[in-house]
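Peer 1: Input structure: coords_34.csv, which contains CSV, C-alpha atoms.
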chain,number,residue,atom,x,y,z
A,1,MET,CA,0.0,0.0,0.0
A,2,LYS,CA,1.3,3.5,-0.9
A,3,LYS,CA,2.2,5.8,1.9
A,4,ALA,CA,0.8,9.3,2.3
A,5,ILE,CA,2.7,12.0,0.5
A,6,LYS,CA,4.7,13.9,3.0
A,7,ILE,CA,4.0,17.6,2.6
A,8,THR,CA,7.2,19.6,2.7
A,9,ASN,CA,7.6,23.3,1.9
A,10,HIS,CA,10.7,25.4,2.1
A,11,LEU,CA,8.7,28.6,1.9
A,12,SER,CA,8.9,29.8,5.5
A,13,THR,CA,6.1,31.9,6.9
A,14,GLU,CA,7.9,32.5,10.2
A,15,ASN,CA,8.5,36.2,9.7
A,16,LEU,CA,5.4,37.1,7.6
A,17,TYR,CA,2.3,38.9,8.7
A,18,ARG,CA,-0.6,36.5,9.4
A,19,LEU,CA,-3.6,38.0,7.6
A,20,PRO,CA,-6.5,38.5,10.0
A,21,TRP,CA,-9.2,37.4,7.6
A,22,THR,CA,-11.8,35.1,9.1
A,23,MET,CA,-15.0,33.2,8.0
A,24,THR,CA,-17.2,36.2,8.7
A,25,ASP,CA,-14.8,39.1,8.2
A,26,ASN,CA,-12.8,38.8,5.1
A,27,ALA,CA,-11.3,40.7,2.1
A,28,THR,CA,-13.3,38.8,-0.5
A,29,THR,CA,-16.3,36.6,-1.1
A,30,TRP,CA,-17.0,34.2,-4.0
A,31,LEU,CA,-20.3,34.3,-5.9
A,32,GLU,CA,-20.9,31.3,-8.2
A,33,VAL,CA,-23.5,32.3,-10.9
A,34,THR,CA,-23.2,29.3,-13.2
A,35,ARG,CA,-21.6,25.9,-13.7
A,36,ALA,CA,-21.5,26.2,-17.5
A,37,CYS,CA,-18.1,26.9,-19.2
A,38,ASP,CA,-17.1,27.4,-22.8
A,39,ILE,CA,-13.7,25.6,-22.5
A,40,THR,CA,-12.3,22.6,-20.7
A,41,CYS,CA,-9.2,22.4,-18.5
A,42,GLU,CA,-7.1,19.3,-17.8
A,43,TYR,CA,-7.4,19.7,-14.0
A,44,CYS,CA,-10.9,21.1,-13.6
A,45,PRO,CA,-13.1,19.0,-11.2
A,46,GLN,CA,-16.4,20.7,-12.0
A,47,ASP,CA,-19.2,18.6,-13.3
A,48,LYS,CA,-20.0,20.1,-16.7
A,49,SER,CA,-23.3,18.2,-16.9
A,50,LYS,CA,-24.7,20.5,-14.2
A,51,CYS,CA,-24.5,23.6,-16.4
A,52,LYS,CA,-27.7,25.4,-15.4
A,53,HIS,CA,-27.4,29.2,-14.9
A,54,LYS,CA,-28.7,30.6,-11.7
A,55,SER,CA,-31.6,33.0,-12.2
A,56,LEU,CA,-31.2,36.6,-11.4
A,57,ARG,CA,-33.6,36.1,-8.5
A,58,GLU,CA,-31.4,33.3,-7.2
A,59,VAL,CA,-28.3,35.3,-7.5
A,60,SER,CA,-29.9,38.3,-5.9
A,61,PHE,CA,-30.9,36.1,-2.9
A,62,GLU,CA,-27.4,34.7,-2.6
A,63,ILE,CA,-25.8,38.2,-2.7
A,64,ASP,CA,-28.1,39.3,0.1
A,65,GLU,CA,-27.3,36.2,2.2
A,66,LEU,CA,-23.5,36.5,1.6
A,67,MET,CA,-23.6,40.1,2.7
A,68,LYS,CA,-25.5,39.1,5.9
A,69,MET,CA,-22.9,36.3,6.7
A,70,ARG,CA,-19.7,38.0,5.7
A,71,LYS,CA,-18.1,41.5,5.7
A,72,CYS,CA,-16.0,41.9,2.6
A,73,SER,CA,-14.7,44.7,0.3
A,74,THR,CA,-14.8,42.6,-2.9
A,75,MET,CA,-17.2,40.1,-4.4
A,76,ILE,CA,-15.8,37.9,-7.1
A,77,ILE,CA,-18.3,36.6,-9.7
A,78,ALA,CA,-17.3,33.1,-10.8
A,79,GLY,CA,-18.5,29.9,-12.3
A,80,GLY,CA,-18.1,27.9,-14.5
A,81,GLU,CA,-17.5,30.8,-16.7
A,82,PRO,CA,-19.5,33.9,-15.7
A,83,LEU,CA,-19.3,35.5,-19.2
A,84,VAL,CA,-21.7,32.9,-20.5
A,85,HIS,CA,-24.4,34.0,-18.0
A,86,PRO,CA,-27.0,36.0,-20.0
A,87,GLU,CA,-27.6,38.4,-17.1
A,88,LEU,CA,-24.1,39.1,-16.0
A,89,LEU,CA,-24.5,42.9,-16.5
A,90,GLU,CA,-27.5,42.9,-14.1
A,91,ILE,CA,-25.5,40.8,-11.6
A,92,VAL,CA,-22.6,43.2,-11.6
A,93,ALA,CA,-25.1,46.1,-11.0
A,94,LEU,CA,-26.7,44.2,-8.1
A,95,ILE,CA,-23.3,43.9,-6.4
A,96,LYS,CA,-22.5,47.6,-7.1
A,97,LYS,CA,-25.7,48.6,-5.2
A,98,LYS,CA,-24.3,46.8,-2.1
A,99,ASN,CA,-21.3,49.2,-2.1
A,100,VAL,CA,-19.0,46.2,-2.7
A,101,GLN,CA,-16.3,46.0,-5.4
A,102,ALA,CA,-17.4,43.7,-8.2
A,103,PHE,CA,-14.8,41.5,-10.0
A,104,ILE,CA,-15.1,38.5,-12.3
A,105,ILE,CA,-12.8,35.6,-12.6
A,106,THR,CA,-12.9,34.6,-16.3
A,107,ASN,CA,-11.1,32.8,-19.1
A,108,GLY,CA,-12.0,35.7,-21.3
A,109,VAL,CA,-12.8,33.6,-24.4
A,110,THR,CA,-15.8,35.7,-25.3
A,111,LEU,CA,-14.6,39.0,-23.9
A,112,ASP,CA,-14.1,41.9,-26.2
A,113,ALA,CA,-13.7,45.7,-25.8
A,114,THR,CA,-17.4,46.4,-26.4
A,115,TYR,CA,-18.6,44.0,-23.7
A,116,LEU,CA,-15.9,45.1,-21.3
A,117,SER,CA,-17.1,48.7,-21.6
A,118,LYS,CA,-20.6,47.5,-20.8
A,119,LEU,CA,-19.4,45.6,-17.7
A,120,LYS,CA,-17.6,48.7,-16.5
A,121,LYS,CA,-20.7,50.9,-16.9
A,122,SER,CA,-22.6,48.3,-14.9
A,123,GLY,CA,-20.1,48.7,-12.1
A,124,LEU,CA,-17.3,46.1,-12.7
A,125,MET,CA,-14.1,47.2,-11.1
A,126,GLY,CA,-11.8,44.6,-12.7
A,127,ALA,CA,-11.1,41.0,-13.6
A,128,ILE,CA,-8.9,38.1,-12.7
A,129,LEU,CA,-8.1,36.5,-16.1
A,130,HIS,CA,-7.5,32.8,-16.0
A,131,VAL,CA,-4.9,31.9,-18.6
A,132,ASP,CA,-2.6,28.9,-18.5
A,133,SER,CA,-1.3,26.0,-20.6
A,134,GLY,CA,-3.6,23.5,-18.9
A,135,GLN,CA,-6.6,24.9,-20.7
A,136,HIS,CA,-8.0,23.7,-24.0
A,137,ARG,CA,-8.5,27.1,-25.5
A,138,PRO,CA,-9.5,27.7,-29.1
A,139,ASP,CA,-6.5,28.7,-31.2
A,140,TRP,CA,-4.1,28.4,-28.2
A,141,GLU,CA,-3.7,24.7,-27.8
A,142,ASN,CA,-0.3,23.3,-26.8
A,143,LYS,CA,1.2,26.7,-26.1
A,144,THR,CA,3.9,27.3,-23.4
A,145,GLU,CA,3.4,29.8,-20.7
A,146,GLY,CA,5.8,32.1,-22.4
A,147,GLU,CA,3.9,31.8,-25.7
A,148,LEU,CA,0.6,32.5,-23.8
A,149,ASN,CA,2.0,35.9,-22.8
A,150,GLU,CA,0.8,37.1,-26.2
A,151,LEU,CA,-2.8,36.3,-25.1
A,152,ARG,CA,-2.2,37.9,-21.7
A,153,GLN,CA,-0.9,41.0,-23.5
A,154,TYR,CA,-4.1,41.2,-25.6
A,155,PHE,CA,-6.2,41.2,-22.4
A,156,ALA,CA,-3.9,43.7,-20.6
A,157,ASP,CA,-4.1,46.1,-23.5
A,158,MET,CA,-7.9,45.8,-23.6
A,159,PHE,CA,-8.2,46.7,-19.9
A,160,HIS,CA,-5.7,49.5,-20.1
A,161,ALA,CA,-7.6,51.1,-23.0
A,162,GLU,CA,-10.8,51.0,-20.9
A,163,LYS,CA,-9.0,53.0,-18.2
A,164,ASP,CA,-9.1,52.7,-14.4
A,165,MET,CA,-9.9,48.9,-14.4
A,166,ILE,CA,-7.9,46.4,-12.5
A,167,CYS,CA,-6.3,43.7,-14.6
A,168,SER,CA,-5.1,40.6,-12.8
A,169,PHE,CA,-4.2,37.2,-13.9
A,170,ILE,CA,-4.4,33.7,-12.5
A,171,THR,CA,-2.4,30.7,-13.6
A,172,THR,CA,-3.0,27.1,-12.5
A,173,VAL,CA,0.6,25.7,-12.7
A,174,ILE,CA,0.7,22.1,-14.0
A,175,PRO,CA,4.0,20.3,-13.6
A,176,ALA,CA,5.1,20.7,-17.2
A,177,ALA,CA,4.6,24.5,-16.9
A,178,LEU,CA,6.5,25.1,-13.7
A,179,SER,CA,9.6,26.2,-15.6
A,180,GLY,CA,7.4,28.8,-17.4
A,181,VAL,CA,6.7,30.8,-14.3
A,182,PRO,CA,9.7,33.1,-14.8
A,183,ASP,CA,8.4,34.0,-18.3
A,184,ILE,CA,5.0,35.0,-16.7
A,185,ILE,CA,6.7,37.2,-14.1
A,186,LYS,CA,9.1,38.8,-16.6
A,187,TRP,CA,6.1,39.7,-18.8
A,188,MET,CA,4.2,41.0,-15.8
A,189,ASN,CA,7.0,43.4,-14.9
A,190,GLU,CA,7.2,44.6,-18.5
A,191,ASN,CA,3.6,45.7,-18.1
A,192,THR,CA,3.7,47.6,-14.9
A,193,LYS,CA,1.2,50.2,-16.1
A,194,LYS,CA,-1.3,47.5,-17.2
A,195,VAL,CA,-1.1,44.5,-14.8
A,196,ASN,CA,-1.8,44.8,-11.1
A,197,GLN,CA,-1.6,41.3,-9.8
A,198,ASN,CA,-0.7,37.7,-10.7
A,199,ILE,CA,-1.9,34.7,-8.8
A,200,LEU,CA,-0.1,31.3,-9.2
A,201,ILE,CA,-1.7,28.1,-8.0
A,202,PRO,CA,0.0,24.7,-8.1
A,203,VAL,CA,-2.3,22.1,-9.6
A,204,ARG,CA,-4.1,19.6,-7.3
A,205,GLU,CA,-5.4,16.2,-8.6
A,206,TRP,CA,-6.9,13.3,-6.8
A,207,HIS,CA,-4.4,11.1,-8.6
A,208,LEU,CA,-1.8,12.4,-6.2
A,209,TYR,CA,-3.7,11.1,-3.3
A,210,ASN,CA,-5.0,7.8,-4.7
A,211,HIS,CA,-3.8,6.0,-1.6
A,212,TRP,CA,-6.9,7.2,0.3
A,213,ASP,CA,-10.4,5.8,0.3
A,214,SER,CA,-13.3,8.3,0.5
A,215,PHE,CA,-16.4,8.0,2.7
A,216,VAL,CA,-19.7,9.6,3.4
A,217,ASP,CA,-21.3,8.6,6.7
A,218,GLY,CA,-19.0,5.6,6.8
A,219,LYS,CA,-20.0,4.4,3.3
A,220,GLN,CA,-17.2,4.3,0.8
A,221,VAL,CA,-17.7,6.4,-2.4
A,222,ASN,CA,-15.6,6.8,-5.5
A,223,ALA,CA,-13.3,9.8,-5.4
A,224,PRO,CA,-13.5,12.0,-8.5
A,225,VAL,CA,-11.2,11.4,-11.5
A,226,VAL,CA,-10.6,14.4,-13.5
A,227,ASN,CA,-8.2,13.4,-16.2
A,228,ASN,CA,-6.4,10.1,-16.5
A,229,ASP,CA,-3.7,11.7,-18.7
A,230,LEU,CA,-2.5,13.4,-15.5
A,231,ALA,CA,-2.5,10.3,-13.4
A,232,GLU,CA,1.2,10.2,-12.8
A,233,PHE,CA,2.6,13.6,-12.0
A,234,PRO,CA,6.4,13.8,-12.2
A,235,LYS,CA,6.5,16.2,-9.4
A,236,TYR,CA,4.3,17.4,-6.5
A,237,ILE,CA,4.3,21.2,-6.7
A,238,SER,CA,4.4,23.3,-3.6
A,239,ALA,CA,4.1,27.1,-3.0
A,240,GLY,CA,7.9,26.9,-2.3
A,241,ASP,CA,8.6,25.5,-5.8
A,242,ILE,CA,6.7,28.4,-7.4
A,243,SER,CA,8.4,31.0,-5.3
A,244,ASP,CA,11.8,29.6,-6.4
A,245,GLU,CA,10.7,30.1,-10.0
A,246,ILE,CA,9.5,33.7,-9.3
A,247,ARG,CA,12.9,34.6,-8.0
A,248,LYS,CA,14.5,33.6,-11.3
A,249,SER,CA,12.9,36.7,-12.7
A,250,LEU,CA,12.8,38.8,-9.5
A,251,PRO,CA,15.8,37.7,-7.4
A,252,ASP,CA,15.0,40.3,-4.6
A,253,PHE,CA,11.3,39.6,-4.4
A,254,ASN,CA,9.9,38.7,-0.9
A,255,PHE,CA,6.6,37.8,0.5
A,256,ASN,CA,5.1,39.9,3.3
A,257,SER,CA,2.0,38.1,4.5
A,258,TYR,CA,0.2,34.8,4.4
A,259,LEU,CA,-2.8,32.6,5.3
A,260,GLY,CA,-2.0,29.4,7.1
A,261,GLY,CA,-3.7,26.0,7.0
A,262,THR,CA,-6.6,24.6,9.0
A,263,GLU,CA,-4.4,21.7,10.1
A,264,ILE,CA,-0.9,22.9,9.5
A,265,ALA,CA,-0.9,26.4,11.0
A,266,ASN,CA,2.2,27.8,9.4
A,267,ALA,CA,1.6,26.3,5.9
A,268,PRO,CA,1.9,29.0,3.1
A,269,LYS,CA,-1.7,28.6,1.9
A,270,TRP,CA,-1.8,32.1,0.6
A,271,ALA,CA,1.6,33.8,0.3
A,272,ILE,CA,1.4,37.5,-0.7
A,273,GLY,CA,4.2,39.7,-1.9
A,274,SER,CA,3.8,43.4,-3.0
A,275,TYR,CA,6.5,45.6,-4.5
A,276,LEU,CA,7.2,48.9,-6.1
A,277,GLN,CA,8.3,49.4,-9.7
A,278,LEU,CA,9.7,52.6,-11.2
A,279,GLY,CA,9.2,52.1,-14.9
A,280,ASP,CA,10.6,48.6,-15.5
A,281,LYS,CA,13.0,48.9,-12.5
A,282,PHE,CA,12.2,46.8,-9.5
A,283,LEU,CA,12.7,48.9,-6.3
A,284,GLY,CA,11.9,46.4,-3.7
A,285,SER,CA,9.2,44.5,-1.8
A,286,ILE,CA,7.4,46.1,1.1
A,287,GLY,CA,7.6,44.2,4.4
A,288,PRO,CA,5.1,42.6,6.8
A,289,LYS,CA,4.6,45.8,8.8
A,290,SER,CA,3.4,47.6,5.7
A,291,MET,CA,0.8,45.0,5.0
A,292,GLU,CA,-0.3,45.0,8.6
A,293,ILE,CA,-0.8,48.8,8.5
A,294,ILE,CA,-2.7,48.7,5.2
A,295,GLN,CA,-5.0,45.9,6.3
A,296,ASN,CA,-5.9,47.4,9.7
A,297,ALA,CA,-6.1,51.0,8.5
A,298,HIS,CA,-8.5,49.9,5.7
A,299,HIS,CA,-10.6,48.0,8.3
A,300,PHE,CA,-10.6,50.9,10.7
A,301,ILE,CA,-11.7,53.4,8.0
A,302,ASN,CA,-14.0,51.2,5.8
A,303,GLY,CA,-15.0,48.4,8.1
A,304,THR,CA,-13.6,45.7,5.8
A,305,TYR,CA,-10.1,44.3,5.0
A,306,PHE,CA,-8.2,45.3,1.9
A,307,SER,CA,-8.3,43.4,-1.3
A,308,PHE,CA,-8.2,45.8,-4.3
A,309,SER,CA,-8.1,49.5,-4.7
A,310,LYS,CA,-8.9,51.7,-7.7
A,311,LYS,CA,-6.4,51.4,-10.5
A,312,ARG,CA,-5.1,55.0,-10.2
A,313,THR,CA,-4.3,54.4,-6.5
A,314,TYR,CA,-1.6,51.8,-7.3
A,315,GLY,CA,0.4,54.5,-9.1
A,316,MET,CA,0.2,56.7,-6.0
A,317,PHE,CA,1.5,54.2,-3.5
A,318,LYS,CA,5.0,55.9,-3.4
A,319,PHE,CA,3.4,58.7,-1.4
A,320,LEU,CA,2.6,56.3,1.4
A,321,LEU,CA,6.3,55.3,1.7
A,322,PRO,CA,7.2,58.1,4.1
A,323,LEU,CA,4.6,56.9,6.6
A,324,LEU,CA,5.2,53.2,6.1
A,325,SER,CA,9.0,53.7,6.4
A,326,LEU,CA,8.5,54.8,10.1
A,327,PHE,CA,7.4,51.2,10.9
A,328,ASP,CA,8.6,49.0,8.1
A,329,LYS,CA,12.3,48.5,7.5
A,330,GLU,CA,11.7,47.2,3.9
A,331,ALA,CA,9.6,50.3,3.0
A,332,ARG,CA,12.2,52.5,4.7
A,333,ALA,CA,15.0,51.0,2.5
A,334,ILE,CA,13.0,51.8,-0.7
A,335,PHE,CA,12.1,55.3,0.5
A,336,VAL,CA,15.6,56.3,1.4
A,337,LYS,CA,17.4,54.8,-1.6
A,338,TYR,CA,15.0,55.8,-4.3
A,339,PHE,CA,13.1,58.8,-3.1
A,340,LEU,CA,14.7,60.6,-0.1
A,341,LEU,CA,18.1,60.6,-1.9
A,342,ARG,CA,16.5,61.0,-5.4
A,343,PRO,CA,13.4,63.2,-4.8
A,344,TRP,CA,12.9,63.7,-8.5
A,345,ASN,CA,11.6,60.1,-8.6
A,346,PHE,CA,8.4,61.3,-7.0
A,347,PHE,CA,7.6,62.9,-10.3
A,348,LEU,CA,8.2,59.7,-12.3
A,349,ARG,CA,5.6,57.0,-13.0
A,350,SER,CA,5.7,54.2,-10.4
A,351,GLN,CA,3.5,51.2,-10.0
A,352,PHE,CA,2.5,48.9,-7.1
A,353,GLN,CA,2.3,45.2,-8.1
A,354,THR,CA,1.4,42.1,-6.2
A,355,ILE,CA,2.2,38.4,-6.6
A,356,VAL,CA,0.1,35.8,-4.8
A,357,VAL,CA,1.1,32.1,-4.5
A,358,MET,CA,-1.6,29.8,-3.3
A,359,GLN,CA,-1.1,26.3,-2.1
A,360,PRO,CA,-4.6,24.6,-2.3
A,361,TRP,CA,-5.9,21.8,-0.2
A,362,ASP,CA,-3.4,19.2,0.9
A,363,PHE,CA,-3.7,16.0,2.8
A,364,THR,CA,-1.8,15.5,6.0
A,365,GLU,CA,-0.2,12.1,6.6
A,366,GLU,CA,-3.2,11.2,8.8
A,367,GLY,CA,-5.7,11.8,5.9
A,368,GLU,CA,-6.9,15.2,7.0
A,369,TYR,CA,-7.6,18.0,4.6
A,370,ASP,CA,-5.4,21.0,5.2
A,371,MET,CA,-7.5,23.9,3.9
A,372,CYS,CA,-6.9,27.7,3.8
A,373,ASP,CA,-7.6,29.1,7.3
A,374,GLY,CA,-9.4,32.4,6.7
A,375,CYS,CA,-10.3,31.3,3.1
A,376,PRO,CA,-11.3,34.3,0.9
A,377,ASN,CA,-13.1,32.1,-1.5
A,378,LYS,CA,-16.1,31.1,0.6
A,379,THR,CA,-19.4,31.0,-1.2
A,380,TYR,CA,-23.1,30.4,-0.4
A,381,TYR,CA,-24.6,26.9,-0.3
A,382,LYS,CA,-27.9,26.1,1.3
A,383,GLY,CA,-27.7,28.6,4.1
A,384,ARG,CA,-24.0,28.3,4.9
A,385,LEU,CA,-20.6,29.5,3.8
A,386,VAL,CA,-18.5,26.7,2.1
A,387,SER,CA,-15.1,26.7,0.4
A,388,GLU,CA,-15.6,26.9,-3.4
A,389,CYS,CA,-12.9,24.4,-4.1
A,390,ARG,CA,-15.0,21.7,-2.3
A,391,ILE,CA,-18.5,22.7,-3.3
A,392,ASP,CA,-18.8,19.6,-5.6
A,393,GLU,CA,-18.7,17.4,-2.5
A,394,TYR,CA,-21.7,19.3,-1.0
A,395,SER,CA,-23.7,19.2,-4.3
A,396,GLU,CA,-22.9,15.5,-4.9
A,397,HIS,CA,-23.0,14.0,-1.4
A,398,GLY,CA,-24.6,16.7,0.8
A,399,LYS,CA,-21.5,17.0,2.9
A,400,LEU,CA,-17.7,16.9,2.9
A,401,LEU,CA,-16.0,13.6,2.2
A,402,SER,CA,-13.9,11.9,4.9
A,403,HIS,CA,-10.9,9.8,4.1
A,404,GLY,CA,-8.9,6.9,5.4
A,405,PRO,CA,-5.9,4.8,4.2
A,406,ARG,CA,-6.8,2.6,1.2
A,407,ARG,CA,-7.4,-0.9,2.2
A,408,CYS,CA,-5.1,-3.5,0.8
A,409,LYS,CA,-6.9,-5.9,-1.5
Represent the structure from my file as structure tokens, please.
Peer 2:
Amino acid sequence: MKKAIKITNHLSTENLYRLPWTMTDNATTWLEVTRACDITCEYCPQDKSKCKHKSLREVSFEIDELMKMRKCSTMIIAGGEPLVHPELLEIVALIKKKNVQAFIITNGVTLDATYLSKLKKSGLMGAILHVDSGQHRPDWENKTEGELNELRQYFADMFHAEKDMICSFITTVIPAALSGVPDIIKWMNENTKKVNQNILIPVREWHLYNHWDSFVDGKQVNAPVVNNDLAEFPKYISAGDISDEIRKSLPDFNFNSYLGGTEIANAPKWAIGSYLQLGDKFLGSIGPKSMEIIQNAHHFINGTYFSFSKKRTYGMFKFLLPLLSLFDKEARAIFVKYFLLRPWNFFLRSQFQTIVVMQPWDFTEEGEYDMCDGCPNKTYYKGRLVSECRIDEYSEHGKLLSHGPRRCK
């Protein structure tokens, strides 16, 4: 019988700021409006047969319930693929009325400048564009992450032309694409005026954990199989592996904050690093104290934790450096070297960018799920908040699966 994979991670969270996000008081909330999608991905666990769109009435009810259960500054509209929902403009407007920032997470297949303009007028603040080499995307099959930068550029240019819209990207990193991470980061830093954030997520597949049996109320059930082609991964990817690749493009990049795990408290479930660029020059990463000040000041002033700001604000971040430098040695080093000693830099264009590395659910050696403690991606399901990455278990079985070592046969 196979032994459990031992989860190791050389990305230390010891000196990082532990984000104070909780179940009921968080930076973001996830709103699933449809299960339908217009492409397939090698790693996607969602059941495409359940492709019914939620009605506007259902979505409105869920928005109201989410706002009762959870304080947040941003609501992310997701799926499936939200762009295929026929009433997406109305959904964005509903969120806007709640005085919450509306974002979509989308593959962008059907997105064009005309529809983006309509979404902005409805109240959309920005998008997290899902682009990676694990997708079966029309006209972009079998492309490397470096080659997909051409597609990322198309989206970045579109959002930049619309003005004052946040443009972020998300990449699910499959093993074959790990070496392409530096190409993504290099491209991001060549587009400081256009790209605000990049999220990198190591792929998770049940095949990695096929030494576990799954149970509901003591009765064994079959675990999901997404893609038999991915049955034997050559490498288990951790957040630490991705951070190593990031530093091949940004050697001086550092994280400042994190979310831990529900079982392994210091696991880097969400590792966040933010830094200042002056043109295409990397000035340095801000430190944990800066993030602590930003999160708590935002909560004190607005009643919610920080997730995104208006696009123009990111270009003004340099003016916060004098204040942050009083408390944060990393911010102080940037301020003194590049602004106090070179005050003319205050008149040059700068940009604040963020990289997020997520390490999704893992199993401990005892068969326990290690989830994200303070998960930002909680969504509504039958009167409760659940993690979106495990909502299929609720819809299929009515509850979360439990696990035990596979019995020898």
Peer 1: Have a look at atom CA of A:Asn15 and atom CA of A:Met358 and let me know their distance in Å, one decimal.
Peer 2: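 That distance, rounded to one decimal, is 17.7 Å.
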Peer 1: So which one's closest to A:Trp344, A:Lys186, A:Glu141, A:Tyr394, A:Leu278? Using all atoms listed in the file, please.
Peer 2: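 Using all atoms listed in the file, A:Trp344 sits closest to A:Leu278.
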Peer 1: With all atoms listed in the file counted and 10 Å as the cut-off, give the residues of stretch 10-112 of chain A in contact with stretch 259-270 of chain A, each with its shortest interatomic distance in Å and the pair that gives it, as CSV.
Peer 2:
residue,atom,partner,partner_atom,distance
A:His10,CA,A:Pro268,CA,9.6
A:Leu11,CA,A:Pro268,CA,6.9
A:Ser12,CA,A:Pro268,CA,7.4
A:Thr13,CA,A:Asn266,CA,6.2
A:Glu14,CA,A:Asn266,CA,7.4
A:Leu16,CA,A:Leu259,CA,9.6
A:Tyr17,CA,A:Leu259,CA,8.8
A:Arg18,CA,A:Leu259,CA,6.1
A:Leu19,CA,A:Leu259,CA,5.9
A:Pro20,CA,A:Leu259,CA,8.4
A:Trp21,CA,A:Leu259,CA,8.3
Peer 1: Expressed in Å to a single decimal, how great is the separation between atom CA of A:Phe159 and atom CA of A:Ile286?
Peer 2: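 Separation between atom CA of A:Phe159 and atom CA of A:Ile286: 26.2 Å.
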Peer 1: May I have a table of the residues of stretch 131-218 of chain A lying at most 10 Å from stretch 98-116 of chain A, giving each one's closest pair of atoms and their distance in Å to one decimal, counting all atoms listed in the file, ordered by chain and ascending residue number, as JSON lines?
Peer 2:
{"residue": "A:Val131", "atom": "CA", "partner": "A:Asn107", "partner_atom": "CA", "distance": 6.3}
{"residue": "A:Asp132", "atom": "CA", "partner": "A:Asn107", "partner_atom": "CA", "distance": 9.4}
{"residue": "A:Gln135", "atom": "CA", "partner": "A:Asn107", "partner_atom": "CA", "distance": 9.2}
{"residue": "A:Arg137", "atom": "CA", "partner": "A:Val109", "partner_atom": "CA", "distance": 7.9}
{"residue": "A:Pro138", "atom": "CA", "partner": "A:Val109", "partner_atom": "CA", "distance": 8.2}
{"residue": "A:Leu151", "atom": "CA", "partner": "A:Gly108", "partner_atom": "CA", "distance": 10.0}
{"residue": "A:Phe155", "atom": "CA", "partner": "A:Gly108", "partner_atom": "CA", "distance": 8.1}
{"residue": "A:Asp157", "atom": "CA", "partner": "A:Ala113", "partner_atom": "CA", "distance": 9.9}
{"residue": "A:Met158", "atom": "CA", "partner": "A:Ala113", "partner_atom": "CA", "distance": 6.2}
{"residue": "A:Phe159", "atom": "CA", "partner": "A:Leu116", "partner_atom": "CA", "distance": 8.0}
{"residue": "A:Ala161", "atom": "CA", "partner": "A:Ala113", "partner_atom": "CA", "distance": 8.6}
{"residue": "A:Glu162", "atom": "CA", "partner": "A:Ala113", "partner_atom": "CA", "distance": 7.8}
{"residue": "A:Met165", "atom": "CA", "partner": "A:Leu116", "partner_atom": "CA", "distance": 9.9}
{"residue": "A:Ile166", "atom": "CA", "partner": "A:Phe103", "partner_atom": "CA", "distance": 8.8}
{"residue": "A:Cys167", "atom": "CA", "partner": "A:Phe103", "partner_atom": "CA", "distance": 9.9}
{"residue": "A:Ser168", "atom": "CA", "partner": "A:Ile105", "partner_atom": "CA", "distance": 9.2}
{"residue": "A:Phe169", "atom": "CA", "partner": "A:Ile105", "partner_atom": "CA", "distance": 8.8}
{"residue": "A:Ile170", "atom": "CA", "partner": "A:Ile105", "partner_atom": "CA", "distance": 8.6}
Peer 1: What is the atom CA of A:Ile91-atom CA of A:Ser73 distance in Å, reported with one decimal?
Peer 2: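 That distance, rounded to one decimal, is 16.5 Å.
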Peer 1: Considering only C-alpha atoms, return as a PyMOL selection string whatever protein or nucleic-acid residues lie within 10 Å of A:Asp241, sequence-local ones (same chain, fewer than 3 positions apart) excluded.
Peer 2: chain A and resi 9-11+178-179+202+236-238+244-246
Peer 1: Would you list the residues near (-4.2, 48.4, -14.9), meaning any protein, DNA or RNA residue with an atom at most 9 Å from that point in file coordinates, counting all atoms listed in the file, as a list in words?
Peer 2: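 Applying the cut-off with all atoms listed in the file, one gets Gly126, Ala156, Asp157, Phe159, His160, Lys163, Asp164, Met165, Ile166, Cys167, Ser168, Asn191, Thr192, Lys193, Lys194, Val195, Asn196, Lys311, Arg312 and Tyr314 of chain A.
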Peer 1: Would you list the contacts of A:Leu385 as an MDAnalysis selection string, taking every protein, DNA or RNA residue within 10 Å and counting all atoms listed in the file, but skipping same-chain residues closer than 3 positions in sequence?
Peer 2: chainID A and resid 23:24 29:30 65:66 69:70 377:382 388
Peer 1: Find the spatial neighbours of A:Ile293, counting only C-alpha atoms, within a cut-off of 10 Å - ignore same-chain residues fewer than 3 positions away - and output them as an mmCIF file with C-alpha atoms, in the frame of the given file.
Peer 2:
data_model
loop_
_atom_site.group_PDB
_atom_site.id
_atom_site.type_symbol
_atom_site.label_atom_id
_atom_site.label_comp_id
_atom_site.auth_asym_id
_atom_site.auth_seq_id
_atom_site.Cartn_x
_atom_site.Cartn_y
_atom_site.Cartn_z
ATOM 1 C CA PRO A 288 5.100 42.600 6.800
ATOM 2 C CA LYS A 289 4.600 45.800 8.800
ATOM 3 C CA SER A 290 3.400 47.600 5.700
ATOM 4 C CA ASN A 296 -5.900 47.400 9.700
ATOM 5 C CA ALA A 297 -6.100 51.000 8.500
ATOM 6 C CA HIS A 298 -8.500 49.900 5.700
ATOM 7 C CA HIS A 299 -10.600 48.000 8.300
ATOM 8 C CA LEU A 323 4.600 56.900 6.600
ATOM 9 C CA LEU A 324 5.200 53.200 6.100
ATOM 10 C CA PHE A 327 7.400 51.200 10.900
ATOM 11 C CA ASP A 328 8.600 49.000 8.100
#
Peer 1: Would you please work out which residue, of A:Asp373, A:Ser307, A:Pro182, A:Val203, is nearest to A:Lys248 when using all atoms listed in the file?
Peer 2: A:Pro182
Peer 1: I'd like to know which of A:Leu341, A:Val181, A:Ile242, A:Ile174 is closest to A:Glu42, using all atoms listed in the file.
Peer 2: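 With all atoms listed in the file as the atom set, the closest residue is A:Ile174.
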